[in-house]
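*Asks:* So I've got this file, target.csv, and it contains CSV, C-alpha atoms and all ligand atoms:
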chain,number,residue,atom,x,y,z
A,1,MET,CA,-15.8,-20.0,-16.1
A,2,ILE,CA,-15.1,-18.2,-12.8
A,3,ALA,CA,-11.6,-18.9,-11.5
A,4,ASN,CA,-10.9,-20.4,-8.1
A,5,ILE,CA,-9.7,-17.9,-5.5
A,6,THR,CA,-8.3,-18.0,-1.9
A,7,LEU,CA,-9.2,-15.1,0.4
A,8,ASN,CA,-6.7,-14.9,3.2
A,9,TRP,CA,-7.9,-11.9,5.1
A,10,PRO,CA,-7.7,-10.9,8.8
A,11,SER,CA,-10.1,-12.8,11.1
A,12,VAL,CA,-11.4,-9.5,12.4
A,13,ILE,CA,-11.6,-6.1,10.6
A,14,GLU,CA,-12.7,-3.2,12.7
A,15,PHE,CA,-13.8,-0.4,10.4
A,16,GLY,CA,-15.2,3.0,11.4
A,17,VAL,CA,-14.8,6.2,13.3
A,18,GLY,CA,-13.8,5.5,16.9
A,19,LYS,CA,-12.9,1.8,16.2
A,20,VAL,CA,-9.4,2.3,17.6
A,21,LYS,CA,-11.0,1.9,21.0
A,22,THR,CA,-11.6,-1.8,20.3
A,23,LEU,CA,-7.8,-2.3,20.5
A,24,ALA,CA,-8.0,-2.8,24.3
A,25,THR,CA,-10.6,-5.6,23.9
A,26,HIS,CA,-8.4,-7.4,21.3
A,27,LEU,CA,-5.5,-7.3,23.7
A,28,LYS,CA,-7.3,-8.6,26.8
A,29,ASP,CA,-5.8,-12.1,26.7
A,30,ASN,CA,-2.2,-10.9,26.0
A,31,LYS,CA,0.4,-10.4,28.7
A,32,ARG,CA,3.5,-9.1,26.8
A,33,ILE,CA,2.7,-6.7,24.1
A,34,TYR,CA,5.1,-5.0,21.7
A,35,PHE,CA,3.9,-1.8,20.1
A,36,LEU,CA,5.7,-0.4,17.0
A,37,ALA,CA,4.1,3.0,16.4
A,38,ASP,CA,4.8,6.0,14.1
A,39,PRO,CA,6.0,8.8,16.4
A,40,PRO,CA,3.1,11.2,15.6
A,41,ILE,CA,0.5,8.7,16.7
A,42,MET,CA,2.1,8.1,20.1
A,43,SER,CA,0.0,10.7,21.9
A,44,THR,CA,-3.1,9.0,20.6
A,45,ILE,CA,-2.2,5.5,21.9
A,46,LYS,CA,-0.4,6.6,25.1
A,47,PRO,CA,-3.6,6.5,27.3
A,48,LEU,CA,-4.3,3.0,26.0
A,49,ILE,CA,-0.7,1.9,26.8
A,50,ASP,CA,-1.0,3.4,30.3
A,51,GLU,CA,-4.3,1.5,30.8
A,52,LEU,CA,-2.8,-1.8,29.7
A,53,LYS,CA,0.2,-1.2,32.1
A,54,GLY,CA,-2.4,-0.6,34.9
A,55,HIS,CA,-3.8,-4.0,34.2
A,56,GLY,CA,-0.4,-5.6,34.9
A,57,LYS,CA,0.6,-6.2,31.2
A,58,GLU,CA,4.2,-5.9,30.2
A,59,ILE,CA,4.5,-3.4,27.4
A,60,LEU,CA,7.5,-2.5,25.1
A,61,VAL,CA,7.1,0.4,22.8
A,62,SER,CA,9.3,1.4,19.8
A,63,ASN,CA,9.0,4.5,17.6
A,64,GLU,CA,11.8,3.6,15.4
A,65,VAL,CA,9.9,3.6,12.1
A,66,VAL,CA,11.8,4.7,9.1
A,67,PRO,CA,10.0,5.4,5.8
A,68,GLU,CA,10.7,2.9,3.0
A,69,PRO,CA,12.4,0.8,5.7
A,70,PRO,CA,15.8,-0.8,4.8
A,71,PHE,CA,16.9,-4.2,6.1
A,72,GLU,CA,19.1,-2.6,8.7
A,73,ALA,CA,16.0,-0.8,10.3
A,74,LEU,CA,14.3,-4.1,10.7
A,75,GLU,CA,17.4,-5.7,12.1
A,76,LYS,CA,17.7,-3.0,14.7
A,77,LEU,CA,14.1,-3.5,15.8
A,78,LEU,CA,14.6,-7.3,16.0
A,79,SER,CA,17.6,-6.9,18.3
A,80,GLY,CA,15.5,-4.7,20.6
A,81,VAL,CA,12.5,-7.0,20.8
A,82,SER,CA,14.0,-10.6,20.8
A,83,ASN,CA,14.7,-10.7,24.5
A,84,PHE,CA,11.2,-9.2,25.3
A,85,ALA,CA,9.5,-12.2,23.7
A,86,PRO,CA,6.1,-10.7,23.1
A,87,ASP,CA,2.9,-12.7,22.8
A,88,CYS,CA,1.4,-10.0,20.7
A,89,VAL,CA,2.8,-7.5,18.2
A,90,VAL,CA,0.9,-4.3,17.4
A,91,GLY,CA,1.8,-2.1,14.4
A,92,VAL,CA,0.3,1.4,14.5
A,93,GLY,CA,0.9,3.8,11.7
A,94,GLY,CA,1.3,3.9,7.9
A,95,GLY,CA,2.7,1.2,5.6
A,96,SER,CA,6.2,1.3,6.9
A,97,ALA,CA,5.2,0.9,10.6
A,98,MET,CA,2.8,-1.9,9.8
A,99,ASP,CA,5.1,-3.7,7.4
A,100,LEU,CA,7.9,-3.6,10.0
A,101,ALA,CA,5.5,-4.9,12.8
A,102,LYS,CA,4.4,-7.7,10.6
A,103,LEU,CA,8.0,-8.8,9.9
A,104,VAL,CA,9.0,-8.4,13.6
A,105,ALA,CA,6.1,-10.8,14.5
A,106,VAL,CA,7.5,-13.5,12.3
A,107,LEU,CA,11.2,-12.9,12.8
A,108,PHE,CA,11.8,-11.9,16.4
A,109,SER,CA,12.2,-15.6,17.4
A,110,ARG,CA,15.3,-15.6,15.2
A,111,GLU,CA,14.3,-18.9,13.6
A,112,GLN,CA,14.8,-17.3,10.2
A,113,LYS,CA,17.0,-14.5,8.9
A,114,ILE,CA,15.5,-11.6,7.0
A,115,THR,CA,17.2,-12.7,3.8
A,116,GLU,CA,15.6,-16.1,4.1
A,117,VAL,CA,12.0,-14.8,4.0
A,118,ILE,CA,12.3,-12.6,0.9
A,119,GLY,CA,9.9,-13.7,-1.9
A,120,ILE,CA,6.7,-15.7,-1.8
A,121,ASP,CA,5.8,-18.3,0.9
A,122,GLN,CA,9.2,-18.4,2.5
A,123,VAL,CA,8.1,-17.7,6.1
A,124,LYS,CA,7.8,-20.9,8.2
A,125,ARG,CA,5.4,-19.7,10.9
A,126,ARG,CA,4.2,-17.0,13.2
A,127,ASN,CA,3.7,-17.9,16.9
A,128,VAL,CA,2.3,-14.6,18.2
A,129,LYS,CA,-0.8,-12.5,17.7
A,130,LEU,CA,-0.5,-9.7,15.2
A,131,ILE,CA,-2.7,-6.6,15.2
A,132,THR,CA,-2.4,-3.7,12.7
A,133,VAL,CA,-3.9,-0.2,13.2
A,134,SER,CA,-3.7,2.0,10.1
A,135,THR,CA,-3.3,5.7,10.4
A,136,THR,CA,-3.1,6.5,6.6
A,137,SER,CA,-5.5,5.7,3.8
A,138,GLY,CA,-3.4,4.0,1.2
A,139,THR,CA,-1.1,1.1,1.7
A,140,GLY,CA,-3.7,-1.5,2.7
A,141,SER,CA,-0.9,-3.1,4.6
A,142,GLU,CA,-3.3,-3.6,7.6
A,143,VAL,CA,-5.0,-6.5,5.7
A,144,THR,CA,-2.3,-7.8,3.4
A,145,PRO,CA,0.1,-10.8,3.4
A,146,ILE,CA,2.8,-8.4,2.1
A,147,ALA,CA,5.7,-6.4,3.6
A,148,VAL,CA,8.2,-4.5,1.6
A,149,LEU,CA,11.8,-3.6,2.6
A,150,THR,CA,14.5,-1.6,0.8
A,151,ASP,CA,17.7,-3.4,-0.1
A,152,VAL,CA,20.0,-0.4,0.1
A,153,ALA,CA,23.1,-2.2,-1.2
A,154,ASN,CA,21.3,-3.2,-4.4
A,155,LYS,CA,19.0,-0.1,-4.5
A,156,LEU,CA,16.0,-2.3,-4.8
A,157,LYS,CA,12.7,-2.9,-3.0
A,158,LYS,CA,12.2,-6.5,-1.9
A,159,GLY,CA,8.9,-8.0,-1.0
A,160,VAL,CA,8.0,-10.6,1.6
A,161,VAL,CA,4.7,-12.4,0.8
A,162,SER,CA,3.3,-14.9,3.3
A,163,LYS,CA,0.0,-15.9,4.8
A,164,TYR,CA,1.8,-15.5,8.2
A,165,LEU,CA,2.0,-11.8,7.6
A,166,VAL,CA,-1.8,-11.5,7.5
A,167,PRO,CA,-2.8,-9.9,10.8
A,168,ASP,CA,-5.3,-11.5,13.2
A,169,VAL,CA,-7.0,-8.1,13.7
A,170,ALA,CA,-6.9,-5.0,11.5
A,171,ILE,CA,-8.3,-1.7,12.8
A,172,VAL,CA,-9.2,1.1,10.3
A,173,ASP,CA,-10.3,4.2,12.1
A,174,PRO,CA,-10.7,7.1,9.7
A,175,ALA,CA,-10.5,9.6,12.7
A,176,LEU,CA,-6.8,8.6,13.0
A,177,THR,CA,-6.2,10.1,9.5
A,178,LEU,CA,-7.7,13.6,10.3
A,179,SER,CA,-4.3,15.1,11.1
A,180,LEU,CA,-2.4,13.7,8.1
A,181,PRO,CA,-0.7,16.5,6.1
A,182,PRO,CA,-2.1,17.1,2.5
A,183,ALA,CA,1.0,15.6,0.8
A,184,VAL,CA,0.7,12.4,2.7
A,185,THR,CA,-3.0,12.2,2.2
A,186,ALA,CA,-2.5,12.7,-1.6
A,187,ALA,CA,0.3,10.2,-2.0
A,188,THR,CA,-1.3,7.4,0.1
A,189,GLY,CA,-4.7,8.1,-1.6
A,190,MET,CA,-3.2,7.7,-5.0
A,191,ASP,CA,-1.4,4.5,-3.9
A,192,ALA,CA,-4.9,3.2,-2.9
A,193,MET,CA,-6.3,4.2,-6.3
A,194,THR,CA,-3.4,2.4,-7.9
A,195,HIS,CA,-4.2,-0.8,-5.9
A,196,CYS,CA,-7.8,-0.6,-7.0
A,197,ILE,CA,-7.0,-0.1,-10.7
A,198,GLU,CA,-4.1,-2.6,-10.9
A,199,THR,CA,-6.2,-5.3,-9.3
A,200,TYR,CA,-9.2,-4.6,-11.4
A,201,THR,CA,-7.3,-4.7,-14.7
A,202,ASN,CA,-5.1,-7.6,-13.5
A,203,LYS,CA,-4.4,-10.7,-15.5
A,204,PHE,CA,-5.7,-12.6,-12.4
A,205,SER,CA,-8.6,-10.4,-11.6
A,206,HIS,CA,-11.6,-12.0,-10.0
A,207,PRO,CA,-15.3,-11.0,-9.6
A,208,ILE,CA,-15.2,-11.0,-5.8
A,209,ILE,CA,-12.4,-8.5,-5.9
A,210,ASP,CA,-13.7,-6.5,-9.0
A,211,ASN,CA,-16.8,-5.5,-7.0
A,212,LEU,CA,-14.7,-4.2,-4.1
A,213,VAL,CA,-12.1,-2.3,-6.1
A,214,ILE,CA,-14.4,-0.6,-8.6
A,215,GLU,CA,-16.3,0.8,-5.6
A,216,GLY,CA,-12.8,1.8,-4.2
A,217,VAL,CA,-12.2,3.7,-7.4
A,218,ARG,CA,-15.5,5.5,-7.1
A,219,LEU,CA,-15.0,6.4,-3.4
A,220,LEU,CA,-11.4,7.7,-3.9
A,221,ALA,CA,-12.3,9.6,-7.1
A,222,ALA,CA,-15.2,11.4,-5.3
A,223,ASN,CA,-13.4,12.1,-2.1
A,224,LEU,CA,-9.6,12.2,-2.3
A,225,GLU,CA,-9.2,15.8,-3.5
A,226,ARG,CA,-11.5,16.9,-0.8
A,227,ALA,CA,-9.6,15.0,1.9
A,228,VAL,CA,-6.4,16.6,0.6
A,229,THR,CA,-7.7,20.2,0.6
A,230,HIS,CA,-10.0,19.8,3.7
A,231,GLY,CA,-8.2,17.3,5.9
A,232,ASP,CA,-10.8,17.8,8.7
A,233,ASP,CA,-13.7,16.5,6.6
A,234,LEU,CA,-14.5,13.3,8.4
A,235,ASN,CA,-16.9,12.1,5.6
A,236,ALA,CA,-14.2,12.5,3.0
A,237,ARG,CA,-11.6,10.8,5.3
A,238,THR,CA,-14.0,7.9,5.9
A,239,ALA,CA,-14.7,7.4,2.2
A,240,CYS,CA,-11.0,7.4,1.4
A,241,ALA,CA,-10.3,5.0,4.3
A,242,LEU,CA,-12.9,2.6,2.9
A,243,GLY,CA,-11.6,2.9,-0.6
A,244,SER,CA,-8.1,2.2,0.7
A,245,LEU,CA,-9.4,-0.8,2.6
A,246,TYR,CA,-11.0,-2.2,-0.5
A,247,GLY,CA,-7.8,-1.8,-2.4
A,248,GLY,CA,-5.9,-3.5,0.4
A,249,LEU,CA,-8.2,-6.5,0.5
A,250,ALA,CA,-7.5,-7.0,-3.2
A,251,LEU,CA,-3.7,-7.1,-2.7
A,252,GLY,CA,-3.5,-10.6,-1.2
A,253,PRO,CA,-5.8,-12.5,-3.6
A,254,VAL,CA,-4.8,-10.6,-6.8
A,255,ASN,CA,-2.0,-8.1,-6.1
A,256,THR,CA,-0.6,-5.2,-8.2
A,257,ALA,CA,1.1,-5.1,-11.6
A,258,ALA,CA,3.4,-3.0,-13.8
A,259,VAL,CA,2.8,0.4,-12.0
A,260,HIS,CA,4.1,-1.0,-8.7
A,261,ALA,CA,6.9,-2.9,-10.5
A,262,LEU,CA,8.1,0.3,-12.3
A,263,ALA,CA,7.7,2.3,-9.1
A,264,TYR,CA,10.2,0.0,-7.2
A,265,PRO,CA,13.4,1.7,-8.6
A,266,LEU,CA,12.0,5.2,-7.9
A,267,GLY,CA,11.9,4.3,-4.2
A,268,GLY,CA,14.9,2.0,-4.1
A,269,GLU,CA,17.3,4.4,-6.0
A,270,PHE,CA,15.8,7.9,-5.5
A,271,LYS,CA,13.9,7.6,-2.2
A,272,ILE,CA,10.7,8.8,-3.9
A,273,SER,CA,7.8,7.8,-1.6
A,274,HIS,CA,5.8,4.7,-2.7
A,275,GLY,CA,2.6,6.7,-3.2
A,276,VAL,CA,4.2,9.5,-5.3
A,277,SER,CA,6.1,6.9,-7.4
A,278,ASN,CA,2.8,5.1,-8.2
A,279,SER,CA,0.8,8.2,-8.8
A,280,VAL,CA,3.4,9.6,-11.3
A,281,LEU,CA,3.6,6.3,-13.2
A,282,LEU,CA,-0.1,5.3,-13.1
A,283,PRO,CA,-1.5,7.2,-16.1
A,284,PHE,CA,1.5,6.3,-18.3
A,285,VAL,CA,1.2,2.5,-17.5
A,286,MET,CA,-2.5,2.8,-18.0
A,287,SER,CA,-1.8,4.3,-21.4
A,288,PHE,CA,0.5,1.5,-22.3
A,289,ASN,CA,-2.1,-1.1,-21.1
A,290,LEU,CA,-5.0,0.5,-23.0
A,291,PRO,CA,-5.1,-1.9,-25.9
A,292,SER,CA,-5.7,-4.8,-23.4
A,293,CYS,CA,-8.1,-2.9,-21.1
A,294,VAL,CA,-10.6,-0.9,-23.1
A,295,GLU,CA,-13.7,-2.4,-21.5
A,296,LYS,CA,-12.3,-2.3,-18.0
A,297,TYR,CA,-11.1,1.2,-18.4
A,298,LYS,CA,-14.6,2.1,-19.6
A,299,ASN,CA,-15.9,0.7,-16.3
A,300,ILE,CA,-13.2,2.6,-14.4
A,301,GLY,CA,-14.2,5.7,-16.3
A,302,ASN,CA,-17.8,5.3,-15.2
A,303,ALA,CA,-16.6,4.9,-11.6
A,304,LEU,CA,-14.5,8.0,-12.0
A,305,GLY,CA,-17.7,9.9,-12.8
A,306,ILE,CA,-17.3,10.0,-16.6
A,307,ASN,CA,-20.6,9.6,-18.3
A,308,CYS,CA,-20.6,10.3,-22.0
A,309,ASP,CA,-22.6,8.8,-24.9
A,310,CYS,CA,-19.4,7.8,-26.7
A,311,ALA,CA,-17.4,4.8,-27.7
A,312,ASP,CA,-15.8,2.6,-25.0
A,313,GLU,CA,-12.4,3.5,-26.2
A,314,LYS,CA,-13.1,7.2,-25.8
A,315,ILE,CA,-14.3,6.7,-22.3
A,316,ALA,CA,-11.2,4.6,-21.6
A,317,ARG,CA,-9.0,7.4,-22.8
A,318,LYS,CA,-10.9,9.9,-20.7
A,319,ALA,CA,-10.4,7.7,-17.7
A,320,ILE,CA,-6.7,7.9,-18.1
A,321,MET,CA,-6.8,11.6,-18.4
A,322,LYS,CA,-9.1,11.8,-15.3
A,323,ILE,CA,-6.5,9.9,-13.2
A,324,LYS,CA,-3.8,12.4,-14.4
A,325,GLU,CA,-6.1,15.3,-13.5
A,326,LEU,CA,-6.7,13.8,-10.0
A,327,SER,CA,-3.0,13.4,-9.4
A,328,ASN,CA,-2.4,17.0,-10.5
A,329,ALA,CA,-5.3,18.3,-8.4
A,330,CYS,CA,-3.7,16.5,-5.4
A,331,LYS,CA,-0.5,18.5,-6.2
A,332,ILE,CA,1.6,15.4,-6.9
A,333,PRO,CA,4.5,16.1,-9.3
A,334,ALA,CA,3.7,15.4,-12.9
A,335,GLY,CA,6.8,13.4,-14.0
A,336,LEU,CA,10.2,12.0,-13.2
A,337,LYS,CA,11.9,15.2,-14.2
A,338,GLU,CA,9.9,17.1,-11.6
A,339,LEU,CA,10.9,14.5,-9.1
A,340,GLY,CA,14.6,15.3,-9.8
A,341,ILE,CA,15.3,12.0,-11.5
A,342,PRO,CA,17.9,12.4,-14.3
A,343,GLU,CA,16.9,11.2,-17.7
A,344,ASN,CA,20.1,9.1,-18.0
A,345,ALA,CA,18.9,6.9,-15.1
A,346,ILE,CA,16.0,5.5,-17.2
A,347,PRO,CA,17.9,2.6,-18.8
A,348,HIS,CA,19.0,1.3,-15.4
A,349,MET,CA,15.6,1.9,-13.8
A,350,ALA,CA,14.0,-0.1,-16.5
A,351,GLU,CA,16.4,-3.0,-16.0
A,352,SER,CA,15.7,-2.9,-12.2
A,353,ALA,CA,11.9,-2.8,-12.8
A,354,MET,CA,12.2,-5.9,-15.0
A,355,LYS,CA,13.4,-7.9,-12.1
A,356,VAL,CA,10.1,-7.4,-10.3
A,357,THR,CA,8.6,-10.4,-12.1
A,358,ARG,CA,6.2,-11.3,-9.4
A,359,LEU,CA,4.2,-8.1,-10.2
A,360,LEU,CA,5.0,-7.8,-13.9
A,361,ASN,CA,3.5,-11.3,-14.4
A,362,ASN,CA,0.1,-9.8,-13.3
A,363,ASN,CA,0.1,-7.1,-15.9
A,364,PRO,CA,-2.7,-7.3,-18.5
A,365,ARG,CA,-0.2,-6.5,-21.3
A,366,GLU,CA,3.3,-8.1,-21.4
A,367,VAL,CA,6.0,-5.5,-20.5
A,368,THR,CA,9.4,-5.9,-22.2
A,369,LEU,CA,12.6,-4.0,-21.3
A,370,LYS,CA,12.0,-1.8,-24.3
A,371,ASP,CA,8.4,-1.1,-23.1
A,372,ALA,CA,9.6,-0.3,-19.5
A,373,THR,CA,12.1,2.1,-21.0
A,374,ALA,CA,9.5,3.7,-23.2
A,375,ILE,CA,7.0,4.1,-20.2
A,376,PHE,CA,9.7,5.8,-18.1
A,377,GLN,CA,10.6,8.0,-21.0
A,378,MET,CA,7.0,9.1,-21.4
A,379,ALA,CA,6.7,9.7,-17.7
A,380,TYR,CA,9.9,11.8,-17.7
A,381,ASN,CA,8.3,15.0,-18.8
A,382,GLY,CA,5.0,14.1,-17.3
A,383,VAL,CA,2.9,15.0,-20.3
A,384,ILE,CA,0.5,12.3,-21.5
A,385,ASP,CA,-0.3,12.0,-25.1
A,386,LEU,CA,-3.6,10.2,-25.8
B,401,FE,FE,1.1,0.3,-3.2
Could you take the file, read its structure, and then write that structure out as C-alpha cells?
*Replies:*
Amino acid sequence: MIANITLNWPSVIEFGVGKVKTLATHLKDNKRIYFLADPPIMSTIKPLIDELKGHGKEILVSNEVVPEPPFEALEKLLSGVSNFAPDCVVGVGGGSAMDLAKLVAVLFSREQKITEVIGIDQVKRRNVKLITVSTTSGTGSEVTPIAVLTDVANKLKKGVVSKYLVPDVAIVDPALTLSLPPAVTAATGMDAMTHCIETYTNKFSHPIIDNLVIEGVRLLAANLERAVTHGDDLNARTACALGSLYGGLALGPVNTAAVHALAYPLGGEFKISHGVSNSVLLPFVMSFNLPSCVEKYKNIGNALGINCDCADEKIARKAIMKIKELSNACKIPAGLKELGIPENAIPHMAESAMKVTRLLNNNPREVTLKDATAIFQMAYNGVIDL
C-alpha cells in the first residue's frame, strides 16, 4: 500500500544556467524589497538592485550572513529590517543566508519571538513574498520548509519547520556556483548526497521522493569530484545543482535521519560545518543502518556506479565504501580526530544527538544512546570496518 504524502514545495522553481535573470520578473509587483545576500555574491546581484532602484522600488540590503547562524545573528537582522517593513524578502546565498532570510520573512513583524517558533508547525503566518536564490549545491534550503539556528548557550542546533518557510519562488542557477572554492563545493555536495541517501532509506520514504533522490545520488556520484577539482566545469556544476535540488525537494516531505541528528553536536559544539559533519558521519551511520537497508543500499550502490554480479549485501557494503571513497576524493577529513574533536567529548555529543528526536525518529534502525556513542567512536579514527 502506497502511503499518503503532502508535497509542500515552492509555487515556482526556476532551474538552469542564467535563471538568476528571472529574479527581476518575480519582483515586478513588489515595492519594498529586502535582500539578504552572502557577501561574495553582492557583485553579481548589484546590477539587478540598481535596476530595481531605477524603477522606483525601495531596497534594503544586508550582508550580515554568519555561517551556522546563532539566534543573536537573526535578532540583529530583525532589528534592522522591522522598521523597513518589506513586502518581499529575498535570500541569496548558501544555506545560512537562505535560512536567515526565511526566518526574517516570518519574524520581522515581531508577532512571534524566535524562541516561539522553534520546532514543528509553530510559525503562525507569513505575510510577505519570499524568494530564495541558492549559490551553493547542497543545503536544499531554497525549497524546504526548514531553517536551522545555533543555540550557542546550549551548544545545540535548533530547527524551525513550517510550511510558511517554503519560499514562493526558488531560483537554482548553476552558473552562480562556478566560483565556489573546492572545500565548499565538497562539503555542500556531500550534504546533498546525505539528503538523498537519508530520505531514500528513511522510515517514511515514499515512491515520489525515491525516484528523485536515487537520481540525485547518481548525479552527485558522477559529478561531485569533477566539480571539486574543476570548478569551472559548468556541466558538472549543473549536474550537482540538480542532484542538490532533488535532495532538497525530499527534505520537506520525508526529511533526514540519524546522520543529520549526530551531526548537530559537531556544528553546535565544535563549529564544524554542516556539510563536513554529515560527510564524516555518513559512512559510519550507513554501516550501522546496513542490517535494515540491504536492498536500498544495493540500489544506491547501482546509482553510485557499482555493477557486480554478487549478492545484494556485498553491493550494499561496496556502496558504503564508495561513499567513503568519494568523501576522501573530495578531501574531506576522514574522522572526528582529524577534525580536532577530542575523544572524551563523545559521551556528551551522543547525549546531545539523542535530543534530536525529530530526525532520529526517521532513521530506518532505532538509535539508542549506546548506538550513538558507538557510531561516534567508530567515526573517531575515520577508518571503516566492513
Ligand atoms: Fe543537510
*Asks:* Against range 144-154 of chain A, which residues of range 61-130 of chain A fall within 8 Å? For each one I want the closest pair of atoms and the distance in Å (one decimal), counting all atoms listed in the file, rows by chain and increasing residue number, as a tab-separated table.
*Replies:*
residue	atom	partner	partner_atom	distance
A:Glu68	CA	A:Thr150	CA	6.3
A:Pro69	CA	A:Leu149	CA	5.4
A:Pro70	CA	A:Thr150	CA	4.3
A:Phe71	CA	A:Leu149	CA	6.2
A:Asp99	CA	A:Ala147	CA	4.7
A:Leu100	CA	A:Ala147	CA	7.3
A:Lys102	CA	A:Ala147	CA	7.2
A:Leu103	CA	A:Ala147	CA	7.1
*Asks:* Can you tell me how far CA of Ala258 in chain A sits from CA of Leu359 in chain A, in Å to one decimal?
*Replies:*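 Separation of CA of Ala258 in chain A and CA of Leu359 in chain A: 6.3 Å.
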*Asks:* Using all atoms listed in the file, determine which residues lie at most 10 Å from Val383 in chain A, disregarding the query and same-chain residues fewer than 4 positions distant; provide the list as a PyMOL selection string.
*Replies:* chain A and resi 283-284+324+334-335+378-379
*Asks:* Taking only C-alpha atoms and all ligand atoms and a cut-off of 8 Å, can you tell me which residues surround ligand FE 401 (chain B), written as a ChimeraX atom specification?
*Replies:* /A:138-140,191-192,194-195,256,260,274-275,278
*Asks:* Tell me, in Å to one decimal, how far CA of Val169 in chain A is from CA of Glu215 in chain A.
*Replies:*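 Atom-to-atom, CA of Val169 in chain A and CA of Glu215 in chain A are spaced 23.2 Å apart.
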*Asks:* Find the distance between CA of Asp309 in chain A and CA of Glu225 in chain A and write it in Å to one decimal.
*Replies:*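 That distance, rounded to one decimal, is 26.2 Å.
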*Asks:* What's the 8 Å shell around Asn63 in chain A, counting only C-alpha atoms, without same-chain residues fewer than 4 positions away, as a list in words?
*Replies:*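 My list of contacting residues is Leu36, Ala37, Asp38 and Pro39 of chain A.
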*Asks:* Under the rule that all atoms listed in the file are counted, which of A:Asp232, A:Asp385, A:Glu198, A:Glu116 is the nearest residue to Val161 in chain A?
*Replies:*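 The shortest atom-to-atom distance to Val161 in chain A comes from A:Glu116.
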*Asks:* Contacts of Gly252 in chain A at 12 Å or less, counting only C-alpha atoms, minus same-chain residues fewer than 3 places along, as a ChimeraX atom specification?
*Replies:* /A:5-10,120,140-147,160-166,195,199,204-205,209,246-249,255-256
*Asks:* When you count only C-alpha atoms, which of these residues is closest to Gly189 in chain A: A:Ala353, A:Val294, A:Ile332, A:Ile300?
*Replies:*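 Going through A:Ala353, A:Val294, A:Ile332, A:Ile300 one by one, the smallest distance to Gly189 in chain A is for A:Ile332.
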*Asks:* Please provide the set of residues having any atom within 8 Å of Val66 in chain A, restricted to all atoms listed in the file, with same-chain residues fewer than 4 positions apart removed, written as a list in words.
*Replies:*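 Within the cut-off, the hits are Ala73, Ser96 and Ala97 of chain A.
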*Asks:* Using all atoms listed in the file, which of the listed residues (A:Asn344, A:Leu304, A:Leu360, A:Ile13) sits closest to Glu325 in chain A?
*Replies:* A:Leu304
